[in-house]
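Coordinates from input.txt are shown below (compact mmCIF, C-alpha atoms).
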```txt
# COMPACT_ATOMS: atom_id res chain seq x y z
CA MET A 1 -9.19 -23.21 9.08
CA ARG A 2 -9.98 -25.38 6.07
CA ASP A 3 -11.96 -22.56 4.46
CA TYR A 4 -9.10 -20.13 5.09
CA LEU A 5 -6.55 -22.46 3.49
CA ALA A 6 -8.92 -22.97 0.57
CA ALA A 7 -9.13 -19.19 0.13
CA LEU A 8 -5.33 -18.89 0.11
CA LYS A 9 -5.03 -21.72 -2.41
CA ASN A 10 -7.66 -20.10 -4.62
CA GLY A 11 -5.84 -16.76 -4.47
CA PHE A 12 -2.32 -18.03 -5.15
CA CYS A 13 -3.40 -20.53 -7.81
CA GLY A 14 -5.44 -17.84 -9.55
CA LEU A 15 -2.77 -15.11 -9.72
CA PHE A 16 -3.27 -14.72 -13.48
CA ARG A 17 -6.91 -15.82 -13.71
CA PHE A 18 -8.77 -12.57 -14.32
CA SER A 19 -11.99 -14.27 -15.35
CA GLY A 20 -14.55 -15.84 -13.06
CA ARG A 21 -15.92 -14.75 -9.71
CA ASP A 22 -14.81 -14.80 -6.05
CA GLY A 23 -17.27 -14.46 -3.21
CA SER A 24 -16.74 -12.03 -0.34
CA VAL A 25 -15.39 -14.54 2.21
CA LEU A 26 -13.09 -16.18 -0.34
CA PHE A 27 -11.67 -12.82 -1.43
CA TRP A 28 -11.23 -11.09 1.91
CA SER A 29 -9.54 -14.06 3.59
CA TYR A 30 -6.88 -13.97 0.89
CA ALA A 31 -6.67 -10.17 0.51
CA ALA A 32 -6.36 -9.51 4.26
CA THR A 33 -3.48 -12.00 4.46
CA ILE A 34 -1.60 -10.37 1.58
CA ILE A 35 -2.12 -6.85 2.97
CA PHE A 36 -1.03 -7.89 6.48
CA LEU A 37 2.11 -9.68 5.26
CA GLY A 38 2.95 -6.77 2.97
CA MET A 39 2.73 -4.23 5.79
CA VAL A 40 4.84 -6.42 8.10
CA LEU A 41 7.47 -6.84 5.38
CA MET A 42 7.51 -3.10 4.65
CA ILE A 43 7.99 -2.17 8.31
CA ALA A 44 10.66 -4.84 8.80
CA GLY A 45 12.52 -3.64 5.72
CA MET A 46 12.57 0.00 6.85
CA ILE A 47 13.74 -0.66 10.41
CA PRO A 48 17.45 -1.09 9.46
CA ALA A 49 17.61 2.28 7.66
CA ILE A 50 15.90 4.08 10.55
CA SER A 51 18.11 2.31 13.12
CA GLU A 52 21.23 3.29 11.17
CA SER A 53 20.08 6.92 11.11
CA MET A 54 19.45 6.86 14.87
CA THR A 55 22.91 5.39 15.46
CA LYS A 56 24.48 8.17 13.41
CA MET A 57 22.56 10.76 15.41
CA GLN A 58 23.66 9.24 18.71
CA GLU A 59 27.30 9.24 17.59
CA PHE A 60 26.93 12.84 16.42
CA ALA A 61 25.40 13.76 19.79
CA MET A 62 28.38 12.28 21.65
CA GLN A 63 30.84 14.17 19.45
CA ASN A 64 28.87 17.45 19.32
CA PRO A 65 26.81 17.74 22.52
CA ASP A 66 26.40 21.51 22.06
CA GLN A 67 24.46 20.99 18.79
CA VAL A 68 22.09 18.30 20.01
CA THR A 69 19.05 18.24 22.31
CA ILE A 70 18.01 14.84 23.67
CA GLN A 71 14.61 14.31 25.26
CA HIS A 72 13.59 11.03 26.82
CA GLY A 73 10.98 9.69 29.18
CA PRO A 74 8.69 6.71 29.64
CA GLY A 75 8.19 5.31 26.13
CA ARG A 76 9.68 8.42 24.50
CA TYR A 77 13.12 9.21 23.08
CA SER A 78 13.97 11.98 20.62
CA ILE A 79 17.10 13.66 19.27
CA SER A 80 16.99 17.18 17.84
CA VAL A 81 20.04 18.29 15.84
CA GLU A 82 20.74 21.96 15.17
CA GLY A 83 21.72 22.97 11.67
CA ASN A 84 21.55 21.07 8.37
CA HIS A 85 23.11 17.59 8.47
CA PRO A 86 21.86 15.51 5.52
CA GLU A 87 24.38 12.77 6.31
CA LEU A 88 22.31 11.91 9.39
CA MET A 89 19.12 11.37 7.41
CA PRO A 90 18.00 7.81 6.56
CA ASP A 91 18.30 6.61 2.97
CA ILE A 92 14.95 7.96 1.77
CA ARG A 93 15.48 6.83 -1.83
CA GLY A 94 16.34 3.31 -0.73
CA MET A 95 13.35 3.15 1.61
CA ALA A 96 11.06 4.43 -1.13
CA ALA A 97 12.43 1.88 -3.61
CA PHE A 98 11.82 -0.93 -1.12
CA ALA A 99 8.28 0.32 -0.42
CA VAL A 100 7.56 0.47 -4.17
CA ALA A 101 8.81 -3.11 -4.57
CA VAL A 102 6.59 -4.37 -1.75
CA ILE A 103 3.55 -2.43 -2.96
CA GLY A 104 4.17 -3.65 -6.50
CA ALA A 105 4.30 -7.25 -5.28
CA MET A 106 1.05 -6.74 -3.37
CA VAL A 107 -0.62 -5.29 -6.47
CA ILE A 108 0.45 -8.32 -8.52
CA LEU A 109 -0.76 -10.74 -5.85
CA LEU A 110 -4.12 -8.98 -5.48
CA ALA A 111 -4.89 -7.89 -9.05
CA ALA A 112 -6.66 -11.01 -10.32
CA ALA A 113 -8.48 -11.58 -7.02
CA VAL A 114 -9.76 -7.99 -7.05
CA CYS A 115 -10.91 -8.45 -10.64
CA ARG A 116 -12.81 -11.64 -9.79
CA ARG A 117 -14.37 -10.04 -6.71
CA LEU A 118 -15.57 -7.09 -8.80
CA HIS A 119 -17.07 -9.53 -11.30
CA ASP A 120 -18.94 -11.12 -8.40
CA THR A 121 -20.50 -7.75 -7.55
CA GLY A 122 -21.61 -7.22 -11.16
CA LEU A 123 -18.81 -4.79 -12.11
CA ARG A 124 -15.99 -4.95 -14.62
CA GLY A 125 -12.47 -5.61 -13.37
CA PHE A 126 -11.17 -2.27 -14.72
CA TRP A 127 -12.60 -0.59 -11.61
CA GLY A 128 -9.68 -2.11 -9.73
CA LEU A 129 -7.23 0.12 -11.61
CA ILE A 130 -8.57 3.37 -10.14
CA PRO A 131 -6.00 3.83 -7.30
CA ILE A 132 -2.94 2.61 -9.24
CA PRO A 133 -1.94 5.86 -11.05
CA PHE A 134 -2.16 7.94 -7.87
CA LEU A 135 -0.17 5.35 -5.92
CA PHE A 136 2.80 5.32 -8.27
CA ILE A 137 2.73 9.10 -8.87
CA GLY A 138 3.10 9.54 -5.11
CA PHE A 139 5.98 7.07 -4.89
CA SER A 140 7.77 8.68 -7.84
CA LEU A 141 7.57 12.18 -6.32
CA MET A 142 8.20 11.40 -2.64
CA PRO A 143 11.97 10.59 -2.70
CA GLY A 144 12.88 13.84 -4.46
CA LEU A 145 10.87 15.89 -1.97
CA PHE A 146 12.69 14.55 1.09
CA GLU A 147 16.08 14.47 -0.59
CA ASN A 148 15.82 18.20 -1.23
CA PHE A 149 14.72 18.67 2.37
CA GLY A 150 17.77 16.83 3.62
CA SER A 151 20.22 18.79 1.47
CA GLU A 152 18.66 22.24 1.38
CA GLY A 153 16.94 22.30 4.76
CA GLU A 154 13.48 23.14 3.41
CA LEU A 155 10.70 21.47 1.49
CA GLU A 156 9.69 22.51 -2.02
CA THR A 157 6.25 24.01 -1.45
CA GLY A 158 4.94 23.26 -4.95
CA LYS A 159 6.02 19.63 -4.89
CA PHE A 160 4.71 19.21 -1.34
CA PHE A 161 1.20 20.38 -2.28
CA LEU A 162 1.27 18.29 -5.47
CA ILE A 163 2.04 15.17 -3.42
CA PHE A 164 -0.55 16.16 -0.80
CA PHE A 165 -3.28 16.59 -3.43
CA ASN A 166 -2.26 13.33 -5.13
CA ASN A 167 -2.46 11.49 -1.80
CA ILE A 168 -5.97 12.85 -1.21
CA LEU A 169 -7.05 11.52 -4.60
CA TYR A 170 -5.33 8.19 -3.89
CA LEU A 171 -7.12 7.76 -0.56
CA ALA A 172 -10.45 8.71 -2.14
CA SER A 173 -9.97 6.22 -4.99
CA LEU A 174 -8.86 3.52 -2.55
CA GLY A 175 -11.93 4.17 -0.44
CA LEU A 176 -14.14 3.88 -3.52
CA LEU A 177 -12.52 0.58 -4.51
CA PHE A 178 -12.86 -0.73 -0.95
CA PHE A 179 -16.58 0.14 -1.03
CA LEU A 180 -17.02 -1.63 -4.38
CA LEU A 181 -15.27 -4.74 -3.08
CA LEU A 182 -17.61 -4.83 -0.08
CA ARG A 183 -20.73 -4.95 -2.26
CA LYS A 184 -22.93 -8.01 -2.16
CA SER A 185 -22.68 -10.73 -4.77
CA VAL A 186 -25.09 -10.53 -7.69
CA ALA A 187 -26.42 -13.38 -9.77
CA ASP A 188 -24.33 -14.40 -12.77
CA PRO A 189 -26.39 -13.58 -15.92
CA GLU A 190 -24.78 -16.44 -17.85
CA ASN A 191 -25.71 -18.98 -15.18
CA GLU A 192 -29.24 -17.55 -14.99
CA GLU A 193 -29.58 -17.87 -18.78
CA ALA A 194 -28.34 -21.47 -18.65
CA ASP A 195 -30.80 -22.25 -15.85
CA ASN A 196 -33.66 -20.77 -17.86
CA VAL A 197 -32.72 -22.87 -20.89
CA ASN A 198 -32.58 -26.00 -18.76
CA ASP A 199 -35.94 -25.15 -17.17
CA GLY A 200 -37.45 -24.71 -20.63
CA ARG A 201 -36.25 -28.14 -21.71
CA GLN A 202 -37.83 -29.89 -18.74
```

Please express the file's structure as C-alpha cells.
Amino acid sequence: MRDYLAALKNGFCGLFRFSGRDGSVLFWSYAATIIFLGMVLMIAGMIPAISESMTKMQEFAMQNPDQVTIQHGPGRYSISVEGNHPELMPDIRGMAAFAVAVIGAMVILLAAAVCRRLHDTGLRGFWGLIPIPFLFIGFSLMPGLFENFGSEGELETGKFFLIFFNNILYLASLGLLFFLLLRKSVADPENEEADNVNDGRQ
C-alpha cells in the first residue's frame, strides 16, 4: 500500500515534470488508477443522458403503442420505435463533449508520466504523442455522424468509413504505445558516464 501511495504521489506531483525516468511499477500503478477513474467517470456521466432517452421512449410507447415493439426477458429489455424520431435520441453532442473533457483530463494527467516511462525504456517522450491526433479526429467527427443519423434516418457512408479507418489507426497506435510502455528499463547513459568517471578517480 505504501508503494502504491508513493506511485500516486509521484504521478500527481510530477504532472508537469517531463524530464527524468519512472520505472514500470511506479508508472503502471499511477496510470492504471487514472485510466480506471476516467472510465468510471465517463460511464457515470453518460448514464443520465441514456436514462433520459429511455424515459422518453417509454413515454412514447405508452402514448403510441402501435409504433413501438418492446422485448424483455431475464436481464434483457429493448424498445424498438418505428419511423424516424430524433427527439427520442440521447444528446449525442453533449455526451461526446463530456467524453472529450474526460479523455482530455486523462491525457493531461498521464502525459508527463508517459514521457518519463518512455525515457526509462530508452526512448524519447515524443513517442507518447502517436495516438493523440487519431483520438481527437474521431471525437470531432463522431457527433456529426450520429446527429445526421438521428435527423435523416441514415448514416453518411463516407463519414462512417472515415471514422472507422481513423479508429483502426487509433487502436493500432495505442497498441504500439502500450507495447513501448511495457518495455524493460534500460540503463541511464548519464548515470553510467558519471559512474565511469567516479571509477576512474578511485

- Residue with the minimum atom-to-atom distance to Phe18 of chain A, picked from A:Ile168, A:Leu176, A:Leu110, A:Leu162 with all atoms listed in the file counted, is A:Leu110

- Item | Selection near Ile70 of chain A, 9 Å with all atoms listed in the file, sequence-local residues under 6 positions removed, as an MDAnalysis selection string | chainID A and resid 61 77:81

- For atom CA of Thr55 of chain A and atom CA of Gly38 of chain A, quote the distance in Å rounded to one decimal. 26.5 Å

- Message: Under the rule that all atoms listed in the file are counted, which of A:Phe134, A:Phe139, A:Phe126, A:Phe16 is the nearest residue to Ser173 of chain A?
- Response: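 Closest to Ser173 of chain A, using all atoms listed in the file: A:Phe134.
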
- atom CA of Arg17 of chain A to atom CA of Lys184 of chain A: how many Å, to one decimal?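 Those two atoms sit 21.2 Å apart.
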
- Message: For a test of reading the model, state the distance in Å between atom CA of Ser24 of chain A and atom CA of Leu181 of chain A, rounded to one decimal.
- Response: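 If I compute the distance from atom CA of Ser24 of chain A to atom CA of Leu181 of chain A, I get 7.9 Å.
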
- Which residue gives the smallest distance to Arg124 of chain A among A:Ile50, A:Ile137, A:Leu180, A:Ile35, with only C-alpha atoms counted?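 Ranked by minimum distance to Arg124 of chain A, first place goes to A:Leu180.
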
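The closest residue to Trp28 of chain A, picked from A:Leu8, A:Ile92, A:Phe164, A:Pro48 and counting only C-alpha atoms, is A:Leu8.
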